[in-house]
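Pasted below: work_13.txt, compact mmCIF, C-alpha atoms and all ligand atoms.
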# COMPACT_ATOMS: atom_id res chain seq x y z
CA MET A 113 34.93 0.16 31.57
CA THR A 114 33.95 1.15 35.06
CA PHE A 115 30.44 2.38 35.51
CA PRO A 116 31.02 5.59 37.51
CA LEU A 117 33.54 6.90 34.96
CA HIS A 118 31.35 6.27 31.96
CA ARG A 119 28.04 7.99 32.48
CA LEU A 120 26.60 7.95 28.98
CA ARG A 121 23.53 9.81 30.17
CA ARG A 122 25.68 12.96 30.41
CA LEU A 123 25.43 13.23 26.66
CA ARG A 124 21.64 12.95 26.60
CA LYS A 125 20.87 15.89 28.84
CA ASN A 126 19.05 18.09 26.36
CA GLY A 127 17.95 18.27 22.76
CA ALA A 128 20.93 20.32 21.62
CA ILE A 129 23.54 17.87 22.86
CA ARG A 130 21.54 14.94 21.54
CA ARG A 131 21.49 16.60 18.14
CA LEU A 132 25.16 17.37 18.33
CA ILE A 133 26.19 13.78 18.87
CA SER A 134 23.53 12.10 16.75
CA GLU A 135 25.01 9.52 14.39
CA THR A 136 22.14 9.39 11.93
CA THR A 137 19.97 12.20 10.65
CA LEU A 138 16.82 11.59 8.66
CA ASN A 139 16.50 14.10 5.86
CA VAL A 140 14.06 14.88 3.08
CA ASP A 141 16.86 13.88 0.67
CA ASP A 142 16.47 10.30 1.87
CA PHE A 143 12.98 9.85 0.49
CA VAL A 144 11.45 8.33 -2.61
CA ALA A 145 7.64 8.56 -2.73
CA PRO A 146 5.79 5.61 -4.30
CA LEU A 147 2.89 6.82 -6.47
CA PHE A 148 0.06 5.02 -8.23
CA VAL A 149 -1.58 6.12 -11.46
CA ARG A 150 -4.69 4.39 -12.74
CA GLU A 151 -6.19 4.38 -16.18
CA GLY A 152 -9.91 4.92 -16.69
CA ILE A 153 -10.84 6.88 -13.57
CA THR A 154 -11.93 10.49 -13.48
CA GLU A 155 -11.06 11.24 -9.87
CA ALA A 156 -8.29 10.13 -7.54
CA GLN A 157 -9.38 7.06 -5.56
CA PRO A 158 -8.38 6.65 -1.92
CA ILE A 159 -6.76 3.31 -1.04
CA THR A 160 -8.54 2.10 2.10
CA SER A 161 -5.65 0.09 3.51
CA LEU A 162 -3.15 2.90 2.80
CA PRO A 163 -4.72 5.96 4.42
CA GLY A 164 -3.55 9.15 2.71
CA VAL A 165 -2.38 7.33 -0.44
CA PHE A 166 -4.34 7.46 -3.70
CA GLN A 167 -4.70 5.86 -7.07
CA HIS A 168 -4.16 8.97 -9.16
CA THR A 169 -5.56 10.14 -12.43
CA ARG A 170 -2.99 11.71 -14.75
CA GLU A 171 -4.27 15.12 -13.63
CA SER A 172 -4.18 14.48 -9.89
CA LEU A 173 -0.75 12.92 -10.30
CA LYS A 174 0.53 16.17 -11.75
CA ARG A 175 -0.71 18.07 -8.69
CA GLU A 176 0.95 15.48 -6.47
CA ILE A 177 4.23 15.98 -8.32
CA ASP A 178 4.04 19.71 -7.64
CA GLU A 179 3.57 19.09 -3.93
CA ILE A 180 6.40 16.59 -3.83
CA THR A 181 8.88 18.83 -5.60
CA ASN A 182 7.83 21.79 -3.43
CA LEU A 183 8.64 19.72 -0.36
CA GLY A 184 12.07 19.00 -1.81
CA ILE A 185 11.61 15.24 -2.03
CA PRO A 186 14.17 14.11 -4.61
CA GLY A 187 12.51 10.99 -6.03
CA ILE A 188 9.33 9.13 -6.85
CA ILE A 189 8.65 5.59 -8.00
CA LEU A 190 5.66 5.08 -10.27
CA PHE A 191 3.27 2.15 -10.51
CA GLY A 192 0.64 1.96 -13.24
CA ILE A 193 -2.76 0.30 -13.09
CA PRO A 194 -4.13 -0.34 -16.58
CA GLU A 195 -7.81 -0.57 -17.42
CA LYS A 196 -7.41 -3.92 -19.10
CA LYS A 197 -5.15 -6.65 -17.85
CA ASP A 198 -4.14 -9.76 -19.82
CA ALA A 199 -2.02 -12.90 -19.46
CA THR A 200 1.30 -11.26 -20.35
CA GLY A 201 0.64 -7.76 -19.02
CA SER A 202 1.02 -6.18 -22.45
CA GLU A 203 -0.07 -2.73 -21.28
CA ALA A 204 3.21 -2.56 -19.40
CA TRP A 205 5.14 -1.96 -22.63
CA ASN A 206 2.47 -0.14 -24.61
CA PRO A 207 4.14 3.17 -25.56
CA ASP A 208 0.80 4.85 -24.85
CA GLY A 209 0.13 2.80 -21.72
CA ILE A 210 -0.84 4.57 -18.53
CA VAL A 211 2.54 4.43 -16.85
CA GLN A 212 4.39 5.62 -19.95
CA GLN A 213 2.03 8.60 -20.22
CA ALA A 214 2.42 9.33 -16.52
CA ILE A 215 6.22 9.17 -16.72
CA ALA A 216 6.14 11.71 -19.54
CA ASP A 217 3.74 13.94 -17.57
CA CYS A 218 5.99 13.88 -14.50
CA LYS A 219 9.08 14.56 -16.56
CA SER A 220 7.47 17.52 -18.29
CA ILE A 221 6.49 19.09 -14.96
CA ALA A 222 9.50 18.32 -12.81
CA GLY A 223 12.32 18.05 -15.35
CA ASP A 224 15.58 17.35 -13.60
CA ASP A 225 14.30 18.45 -10.18
CA LEU A 226 12.93 14.99 -9.52
CA VAL A 227 14.29 11.49 -10.08
CA ILE A 228 11.52 9.56 -11.77
CA MET A 229 11.92 5.87 -11.05
CA SER A 230 9.65 3.41 -12.71
CA ASP A 231 8.89 0.06 -11.19
CA LEU A 232 9.43 -2.58 -13.83
CA CYS A 233 7.22 -5.62 -13.40
CA VAL A 234 4.10 -7.12 -14.91
CA ASP A 235 2.05 -7.99 -11.84
CA GLU A 236 -0.01 -4.80 -12.02
CA TYR A 237 -0.71 -5.58 -15.68
CA THR A 238 -1.46 -9.31 -15.70
CA ASP A 239 -4.91 -10.77 -15.10
CA HIS A 240 -3.41 -13.48 -12.82
CA GLY A 241 -1.33 -11.00 -10.77
CA HIS A 242 2.01 -12.79 -11.11
CA CYS A 243 5.25 -11.03 -11.93
CA GLY A 244 5.87 -13.12 -15.04
CA VAL A 245 4.51 -15.45 -17.68
CA VAL A 246 2.64 -18.37 -16.10
CA ASN A 247 3.11 -21.84 -17.61
CA ASP A 248 0.26 -24.36 -17.89
CA ASP A 249 1.46 -26.10 -14.74
CA GLY A 250 1.32 -22.84 -12.80
CA SER A 251 5.08 -22.28 -12.71
CA ILE A 252 6.61 -18.99 -13.86
CA ASP A 253 8.60 -19.00 -17.10
CA ASN A 254 11.71 -17.04 -16.12
CA ASP A 255 13.25 -16.59 -19.55
CA LEU A 256 10.07 -15.76 -21.44
CA THR A 257 9.43 -13.15 -18.77
CA LEU A 258 12.84 -11.57 -19.41
CA ASP A 259 11.78 -10.88 -23.02
CA LEU A 260 8.81 -8.91 -21.69
CA TYR A 261 10.94 -7.02 -19.19
CA LYS A 262 13.26 -5.88 -21.99
CA LYS A 263 10.37 -4.35 -23.88
CA ILE A 264 9.08 -2.63 -20.75
CA ALA A 265 12.51 -1.18 -19.95
CA VAL A 266 12.79 0.38 -23.37
CA ALA A 267 9.23 1.75 -23.25
CA GLN A 268 9.81 3.31 -19.84
CA ALA A 269 13.17 4.79 -20.83
CA HIS A 270 11.62 6.15 -24.00
CA ALA A 271 8.86 7.81 -21.97
CA GLY A 272 11.47 9.61 -19.86
CA ALA A 273 12.13 7.47 -16.80
CA ASP A 274 15.35 8.45 -15.01
CA VAL A 275 15.84 5.12 -13.25
CA ILE A 276 14.50 1.67 -14.10
CA ALA A 277 13.67 -0.48 -11.09
CA PRO A 278 12.99 -4.15 -11.89
CA SER A 279 11.01 -5.75 -9.07
CA GLY A 280 10.00 -9.13 -10.48
CA MET A 281 12.84 -11.23 -9.00
CA MET A 282 13.45 -13.17 -12.23
CA ASP A 283 16.98 -14.54 -12.58
CA GLY A 284 19.01 -12.54 -15.07
CA GLN A 285 16.60 -9.63 -15.17
CA VAL A 286 19.23 -6.96 -14.58
CA ALA A 287 21.49 -8.23 -17.39
CA ALA A 288 18.55 -8.55 -19.78
CA ILE A 289 17.37 -5.02 -19.06
CA ARG A 290 20.87 -3.57 -19.18
CA ASN A 291 21.40 -5.10 -22.63
CA ALA A 292 18.05 -3.88 -23.89
CA LEU A 293 18.77 -0.34 -22.67
CA ASP A 294 22.29 -0.30 -24.09
CA GLU A 295 21.13 -1.56 -27.49
CA THR A 296 18.58 1.25 -27.71
CA ALA A 297 21.06 3.97 -26.75
CA TYR A 298 19.81 4.32 -23.17
CA VAL A 299 23.26 3.62 -21.80
CA ASP A 300 22.92 6.42 -19.27
CA ILE A 301 19.77 5.13 -17.58
CA PRO A 302 20.71 3.51 -14.26
CA ILE A 303 19.13 0.36 -12.87
CA LEU A 304 17.93 0.13 -9.28
CA ALA A 305 17.58 -3.60 -8.73
CA TYR A 306 15.07 -4.91 -6.22
CA SER A 307 17.79 -7.43 -5.35
CA ALA A 308 16.76 -8.84 -2.00
CA LYS A 309 13.00 -8.90 -2.17
CA TYR A 310 11.29 -11.22 0.23
CA ALA A 311 7.98 -13.05 -0.23
CA SER A 312 6.51 -10.91 2.51
CA GLY A 313 3.07 -10.74 4.03
CA LEU A 314 3.67 -7.02 4.33
CA TYR A 315 2.70 -6.36 0.70
CA GLY A 316 -0.98 -6.86 1.50
CA PRO A 317 -2.19 -3.26 1.12
CA PHE A 318 -0.20 -2.89 -2.12
CA ARG A 319 -2.47 -5.51 -3.67
CA GLU A 320 -5.42 -3.23 -3.04
CA ALA A 321 -3.43 -0.29 -4.39
CA VAL A 322 -2.82 -2.00 -7.74
CA ASN A 323 -6.07 -4.04 -7.93
CA VAL A 324 -4.36 -7.42 -7.76
CA SER A 325 -5.69 -10.51 -6.07
CA LEU A 326 -3.43 -13.53 -6.05
CA GLU A 327 -6.26 -15.84 -5.04
CA ASN A 328 -4.80 -19.16 -3.98
CA SER A 329 -1.23 -18.67 -5.16
CA ASP A 330 1.77 -16.83 -3.82
CA ARG A 331 5.13 -15.56 -5.05
CA LYS A 332 7.36 -17.85 -3.05
CA SER A 333 8.79 -19.53 -6.14
CA TYR A 334 10.55 -16.32 -7.15
CA GLN A 335 10.63 -13.96 -4.20
CA GLN A 336 12.97 -14.78 -1.33
CA ASP A 337 12.38 -16.99 1.66
CA TRP A 338 12.47 -14.86 4.81
CA ARG A 339 14.46 -17.52 6.62
CA ASN A 340 17.50 -16.73 4.49
CA LYS A 341 20.14 -14.06 4.78
CA ARG A 342 23.17 -15.43 2.88
CA GLU A 343 20.92 -16.06 -0.10
CA ALA A 344 20.17 -12.33 -0.17
CA MET A 345 23.88 -11.62 -0.51
CA ASN A 346 24.00 -13.96 -3.49
CA GLU A 347 21.08 -12.13 -5.07
CA ILE A 348 22.83 -8.80 -4.51
CA LYS A 349 26.15 -10.02 -5.91
CA ALA A 350 24.44 -11.49 -8.95
CA ASP A 351 22.64 -8.20 -9.64
CA LEU A 352 25.87 -6.24 -9.25
CA ASP A 353 27.64 -8.61 -11.65
CA GLU A 354 24.82 -8.09 -14.12
CA GLY A 355 25.25 -4.33 -13.97
CA ALA A 356 22.94 -3.01 -11.25
CA ASP A 357 23.87 0.58 -10.37
CA MET A 358 21.96 0.52 -7.08
CA ILE A 359 20.38 -2.27 -5.11
CA MET A 360 17.33 -2.52 -2.88
CA VAL A 361 16.26 -4.49 0.14
CA LYS A 362 12.52 -4.97 0.62
CA PRO A 363 10.68 -4.82 3.02
CA ALA A 364 12.77 -2.61 5.31
CA VAL A 365 12.18 -2.86 9.04
CA THR A 366 11.85 -6.64 9.24
CA TYR A 367 15.05 -6.91 7.20
CA LEU A 368 17.44 -4.48 8.88
CA ASP A 369 19.99 -7.26 9.23
CA ILE A 370 19.92 -7.73 5.45
CA ILE A 371 20.48 -4.01 4.86
CA ALA A 372 23.35 -3.98 7.34
CA GLN A 373 24.97 -7.01 5.73
CA ALA A 374 24.46 -5.59 2.23
CA ARG A 375 26.21 -2.41 3.38
CA LYS A 376 29.24 -4.52 4.27
CA ILE A 377 29.52 -6.22 0.90
CA THR A 378 28.96 -3.33 -1.50
CA ASP A 379 29.60 0.38 -1.81
CA VAL A 380 26.85 1.06 -4.37
CA PRO A 381 23.84 3.03 -3.10
CA ILE A 382 21.35 0.90 -1.20
CA GLY A 383 17.65 1.66 -1.23
CA ALA A 384 15.23 0.13 1.25
CA TYR A 385 11.51 -0.13 0.64
CA HIS A 386 9.39 0.62 3.69
CA VAL A 387 6.45 -1.23 2.19
CA SER A 388 2.70 -0.88 2.26
CA GLY A 389 2.13 -3.13 5.28
CA GLU A 390 4.80 -1.35 7.28
CA TYR A 391 3.02 1.93 6.60
CA SER A 392 -0.47 0.54 7.26
CA MET A 393 0.44 -0.98 10.60
CA ILE A 394 1.68 2.36 11.87
CA LYS A 395 -1.37 4.16 10.45
CA ALA A 396 -3.78 1.63 11.95
CA ALA A 397 -2.29 1.68 15.42
CA GLY A 398 -1.90 5.46 15.25
CA GLY A 399 -5.53 5.82 14.23
CA LYS A 400 -6.57 3.95 17.34
CA GLY A 401 -4.42 6.20 19.49
CA TRP A 402 -2.22 3.29 20.52
CA ILE A 403 1.02 4.75 19.20
CA ASP A 404 2.22 8.15 18.09
CA GLU A 405 2.20 7.73 14.34
CA LYS A 406 4.78 10.34 13.43
CA GLN A 407 7.17 9.35 16.16
CA VAL A 408 7.07 5.71 15.16
CA ALA A 409 7.42 6.57 11.48
CA ILE A 410 10.49 8.71 12.15
CA GLU A 411 11.92 6.07 14.46
CA GLN A 412 11.51 3.33 11.86
CA LEU A 413 12.78 5.36 8.93
CA THR A 414 15.79 6.47 10.96
CA ALA A 415 16.47 2.85 11.89
CA VAL A 416 16.44 1.91 8.22
CA LYS A 417 18.97 4.63 7.49
CA ARG A 418 21.07 3.70 10.54
CA SER A 419 21.26 0.13 9.30
CA GLY A 420 23.01 1.33 6.15
CA ALA A 421 20.40 2.38 3.57
CA ASN A 422 21.12 5.49 1.50
CA PHE A 423 17.51 6.17 0.64
CA ILE A 424 14.08 4.91 1.59
CA LEU A 425 11.04 4.32 -0.57
CA THR A 426 8.21 5.23 1.77
CA TYR A 427 4.54 6.17 1.74
CA PHE A 428 5.43 8.52 4.60
CA ALA A 429 7.63 10.67 2.32
CA LYS A 430 5.33 13.69 2.15
CA GLU A 431 4.06 13.57 5.72
CA ILE A 432 7.47 13.19 7.29
CA ALA A 433 9.15 15.64 4.90
CA GLU A 434 6.66 18.20 6.18
CA CYS A 435 7.71 17.75 9.79
CA LEU A 436 11.47 17.35 9.39
C1 LIG A 501 5.92 -5.77 -7.72
C2 LIG A 501 5.95 -4.94 -6.49
C3 LIG A 501 5.27 -5.20 -5.29
C4 LIG A 501 5.58 -4.14 -4.45
C5 LIG A 501 6.42 -3.28 -5.14
N1 LIG A 501 6.65 -3.81 -6.41
C6 LIG A 501 4.32 -6.27 -4.96
C7 LIG A 501 4.84 -7.64 -4.75
O1 LIG A 501 5.94 -7.97 -5.12
O2 LIG A 501 4.08 -8.48 -4.26
C8 LIG A 501 5.09 -3.99 -3.05
C9 LIG A 501 5.28 -2.67 -2.43
C10 LIG A 501 4.53 -2.47 -1.17
O3 LIG A 501 3.97 -3.39 -0.56
O4 LIG A 501 4.48 -1.32 -0.75
N2 LIG A 501 5.64 -5.00 -8.86

Go ahead and render the structure in this file as structure tokens.
Ligand code: PBG
Amino acid sequence: MTFPLHRLRRLRKNGAIRRLISETTLNVDDFVAPLFVREGITEAQPITSLPGVFQHTRESLKREIDEITNLGIPGIILFGIPEKKDATGSEAWNPDGIVQQAIADCKSIAGDDLVIMSDLCVDEYTDHGHCGVVNDDGSIDNDLTLDLYKKIAVAQAHAGADVIAPSGMMDGQVAAIRNALDETAYVDIPILAYSAKYASGLYGPFREAVNVSLENSDRKSYQQDWRNKREAMNEIKADLDEGADMIMVKPAVTYLDIIAQARKITDVPIGAYHVSGEYSMIKAAGGKGWIDEKQVAIEQLTAVKRSGANFILTYFAKEIAECL
């Protein structure tokens, strides 16, 4: 390639030609909006570390669903915050628990115009904040936890969830949930597996969002080590073998190489979670006037799509849908 013959700048001259040759286009269809619903509050509560995001009441959640469907956003993922938490997170499978009620509310408003995903985990529901049953020695009991996950899957499907999204990183969770759904005649409910989920520092603001403090422990015994990439492919393959219909990489921007590699090894839809810390960092720097918030958000979300993701779970869904 000789430089004078290949002047790539010729194709960047104006907006129209840049649009014409663009390889990736961010679209409202790419977005899933994460939403929080909290039991026992009478008004939506702002989440300080996630500006613009709220812990909703059932009523304010319904209004949010209207806005989201009006914007044409195709999906949401719901997280529940119960009033009382316990050692096993039993509110997670209570048929009248907050998230089950909220799923039913959303379904009754949006019907088939919106894909209602429900995050399946117990960390928002346990008093210790871990994603599973904690043994006396502090370790997590993988297989006992699977029994809880099965009950949650059935409760969420029964409430009307369109997609079940297990996020606890227990081994065998996809197979356990698939079996539980099939046995209860929910054979048509797909599973979006949080397959490659890293033990990331970027989940910080989410802890505030769901009222969880992990105190002196962390999740490194079940979430992935950020030094590893091949291990993520093993997680993805295992989930696909167990029956995952879609897989997820989380967080997104720090793990673009994982998304790109995942794209090479599977043709199922890949979701990427642009997580709370990724959102907050942009909001914080934007708030100080150090970066252009919207530009950086669009740049990052486009990068996630360019790397091979089919859809993006993002707290920017509404804001960016409005300006696309
Ligand atoms: C677990 C779960 C977490 C997030 C989504 N599902 C927390 C964690 O694993 O520590 C984090 C999402 C975010 O930071 O935006 N139920």

Name the residues in contact with Tyr427 in chain A at a cut-off of 10 Å, using all atoms listed in the file, excluding same-chain residues fewer than 5 positions from it; report them as a PyMOL selection string. chain A and resi 143-147+162-165+385-388+390-392+432

Atoms kept (C-alpha atoms) for selection, written as a PDB file, keeping the file's coordinate frame:
ATOM      1  CA  PHE A 143      12.980   9.850   0.490  1.00  0.00           C
ATOM      2  CA  VAL A 144      11.450   8.330  -2.610  1.00  0.00           C
ATOM      3  CA  ALA A 145       7.640   8.560  -2.730  1.00  0.00           C
ATOM      4  CA  PRO A 146       5.790   5.610  -4.300  1.00  0.00           C
ATOM      5  CA  LEU A 147       2.890   6.820  -6.470  1.00  0.00           C
ATOM      6  CA  LEU A 162      -3.150   2.900   2.800  1.00  0.00           C
ATOM      7  CA  PRO A 163      -4.720   5.960   4.420  1.00  0.00           C
ATOM      8  CA  GLY A 164      -3.550   9.150   2.710  1.00  0.00           C
ATOM      9  CA  VAL A 165      -2.380   7.330  -0.440  1.00  0.00           C
ATOM     10  CA  TYR A 385      11.510  -0.130   0.640  1.00  0.00           C
ATOM     11  CA  HIS A 386       9.390   0.620   3.690  1.00  0.00           C
ATOM     12  CA  VAL A 387       6.450  -1.230   2.190  1.00  0.00           C
ATOM     13  CA  SER A 388       2.700  -0.880   2.260  1.00  0.00           C
ATOM     14  CA  GLU A 390       4.800  -1.350   7.280  1.00  0.00           C
ATOM     15  CA  TYR A 391       3.020   1.930   6.600  1.00  0.00           C
ATOM     16  CA  SER A 392      -0.470   0.540   7.260  1.00  0.00           C
ATOM     17  CA  ILE A 432       7.470  13.190   7.290  1.00  0.00           C
TER      18      ILE A 432
END

Grab me every residue within 7 Å of ligand LIG 501 (chain A), counting all atoms listed in the file, and send it over as a ChimeraX atom specification. /A:231-236,243,279-280,314-319,386-389

If you count only C-alpha atoms, which residues fall within 9 Å of range 410-413 of chain A, apart from same-chain ones fewer than 6 positions away, as a list in words?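 That gives Leu138, Ala364, Val365, His386, Ile424, Thr426 and Ile432 of chain A.
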
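With only C-alpha atoms as the atoms that count, the minimum distance from Lys430 in chain A to the choices A:Asp142, A:Lys125, A:Lys417, A:Ser202 is reached by A:Asp142.
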
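Among the candidates A:Ala199, A:Asn346, A:Ser251, A:Ala321, the one nearest to His168 in chain A when counting only C-alpha atoms is A:Ala321.
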